[in-house]
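Q: Quick one: the structure is below, and I'll ask about it shortly.
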Protein chains: 2
Amino acid sequence: MKITRACDYTIRALVYMAQSSMGTAFMRSDIAKACNVPDSFLGKILQSLAKSDILVSERGKKGGFRLGKEPKNICMYDVIVAVDGPLNINNCLDEQVGCCYDQSCCAHKMWKDVQADLIEKLKKYSLADISEGCQQ
Amino acid sequence: MKITRACDYTIRALVYMAQSSMGTAFMRSDIAKACNVPDSFLGKILQSLAKSDILVSERGKKGGFRLGKEPKNICMYDVIVAVDGPLNINNCLDEQVGCCYDQSCCAHKMWKDVQADLIEKLKKYSLADISEGCQQ
DNA sequence: TATAATATAATTATATTTTAATATCAATAG
DNA sequence: CTATTGATATTAAAATATAATTATATTATA
């Protein structure tokens with residue numbers, strides 16, 4: 001697992017959006033400026049979020065991004081996966097890679113257990129939780 | 001946080017050592033061969049472990065590496081930190097870096113909480129737990 | 001037709017993994 | 001006692017992989 005900077009940027013952007021009333025549309029460039037995130041990089045991030053239905057996008061004039069769900073229904077696990085891809089604390093757990101070295105599989109059960117707890121925890125945190133703990 | 005391949009190698013090596021009776025000395029090259037780990041890279045890893053008192057090293061003829069503690073007293077958290085350095089699921093938690101972006105600090109509390117759980121979990125797993133779950 | 005998202009490619013930066021060379025140390029053969 | 005041998009210790013640096021950023025062209029819509 002690696003929680004990347006993209007993920008930090010994402011949380012900034014989502015918290016920013018969550019501060020306005022549901023349905024408000026934001027332009028990428030506005031979010032980028034407000035959150036101090038590289039504009040073009042933010043583009044990628046917002047697209048990932050749109051593909052995961054965390055955001056809804058509209059093109060053209062008066063287009064932009066809106067939250068796709070209420071902040072309380074957007075969990076951190078979904079956000080992380082949308083941006084950073086499948087969460088695996090160890091390659092061993094990556095189904096596409098597989099645990100190719102027999103002996104190391106001793107640890108497989110541990111990684112699986114540890115990761116399950118982690119995911120459960122991340123599912124409990126919503127965007128609303130984070131946005132509310134933020135006074136601006 | 002990133003759990004690297006070095007960490008996988010480490011677990012292989014430690015499980016291998018834990019299969020023999022306490023006090024047995026192993027040469028780096030033997031471990032490398034038995035565990036299929038690049039010899040020189042393993043050198044680095046074993047040194048990190050020795051610095052953290054997980055292993056004891058002796059130079060010269062008849063030298064080698066021995067476990068520094070009973071497998072049941074070696075926890076996975078200590079192993080990971082010894083090899084991969086301080087565990088931080090997010091830079092935000094790295095005390096040396098600090099949480100420089102105010103707005104993103106909204107998430108700080110969450111990361112801290114999630115990480116605390118993770119560490120607690122990793123402290124509960126011992127080398128003995130892993131080695132025993134391994135039939136060879 | 002201007003505007004804003006979408007897609008993709010290219011580039012730069014950083015971190016991980018591996019290899020290699022050299023230094024240090026301890027046992028022991030002579 | 002000292003030279004040799006077999007082991008770890010230390011350091012540098014090359015190779016590879018991944019993350020972060022930038023740039024450009026495409027598509028949709030008011």
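Please note that chains go A, B, ... in the order of the structure tokens, that every chain numbers its residues from 1, and that ligands are numbered from 1 in the order shown.
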Please return, as a ChimeraX atom specification, all residues of chain B lying within 6 Å of chain D when only C-alpha atoms (C1' of nucleotides) are considered.
A: /B:59-61,63
Q: Write out as a Markdown table the residues of chain C that have any atom within 9 Å of an atom of chain A, one row each with the nearest atom pair and its distance in Å to one decimal, counting only C-alpha atoms (C1' of nucleotides), sorted by chain and then rising number.
A:
| residue | atom | partner | partner_atom | distance |
| --- | --- | --- | --- | --- |
| C:DA2 | C1' | A:Lys61 | CA | 8.0 |
| C:DT3 | C1' | A:Lys61 | CA | 4.8 |
| C:DA4 | C1' | A:Gly60 | CA | 4.6 |
| C:DA5 | C1' | A:Arg59 | CA | 4.7 |
| C:DT6 | C1' | A:Gln47 | CA | 7.9 |
Q: Please identify every residue of chain B that has at least one atom no more than 9 Å from any atom of chain A, counting only C-alpha atoms, and report them as a PyMOL selection string.
A: chain B and resi 1-5+8-9+11-12+15-16+35+89-92+103-107+109-110+114-115+117-118+121-122+125+130-136
Q: Separation of atom CA of B:Ala18 and atom CA of B:Ile74, in Å?
A: 10.5 Å
Q: Between atom CA of A:Ser126 and atom CA of A:Met17, what is the distance, to one decimal in Å?
A: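 Those two atoms sit 13.9 Å apart.
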Q: In Å, with one decimal, what is the gap from atom CA of A:Pro71 to atom CA of A:Lys112?
A: 29.0 Å
Q: DSSP on the backbone, helix (DSSP H, G or I) only: what residues of stretch 16-128 of chain A does that give? Format it as a ChimeraX atom specification.
A: /A:16-18,28-35,39-51,71-73,76-84,91-93,102-124,127-128
Q: Please return, as a PyMOL selection string, all residues of chain A that DSSP assigns to strand (DSSP E or B) on the basis of the backbone.
A: chain A and resi 26+55-58+64-67+75+126
Q: Using C-alpha atoms, can you write the selected residues to a file as a PDB file, in the first residue's frame?
A:
ATOM      1  CA  PHE A  26     -16.969  23.620  -9.117  1.00  0.00           C
ATOM      2  CA  LEU A  55     -18.191  13.037  -8.258  1.00  0.00           C
ATOM      3  CA  VAL A  56     -20.435  13.860 -11.188  1.00  0.00           C
ATOM      4  CA  SER A  57     -18.962  15.852 -14.036  1.00  0.00           C
ATOM      5  CA  GLU A  58     -20.436  17.983 -16.762  1.00  0.00           C
ATOM      6  CA  GLY A  64     -17.809  21.392 -13.628  1.00  0.00           C
ATOM      7  CA  PHE A  65     -17.768  18.857 -10.854  1.00  0.00           C
ATOM      8  CA  ARG A  66     -20.345  18.195  -8.175  1.00  0.00           C
ATOM      9  CA  LEU A  67     -20.394  15.698  -5.347  1.00  0.00           C
ATOM     10  CA  CYS A  75     -16.234   6.833   2.827  1.00  0.00           C
ATOM     11  CA  SER A 126     -16.868   9.543   5.911  1.00  0.00           C
TER      12      SER A 126
END
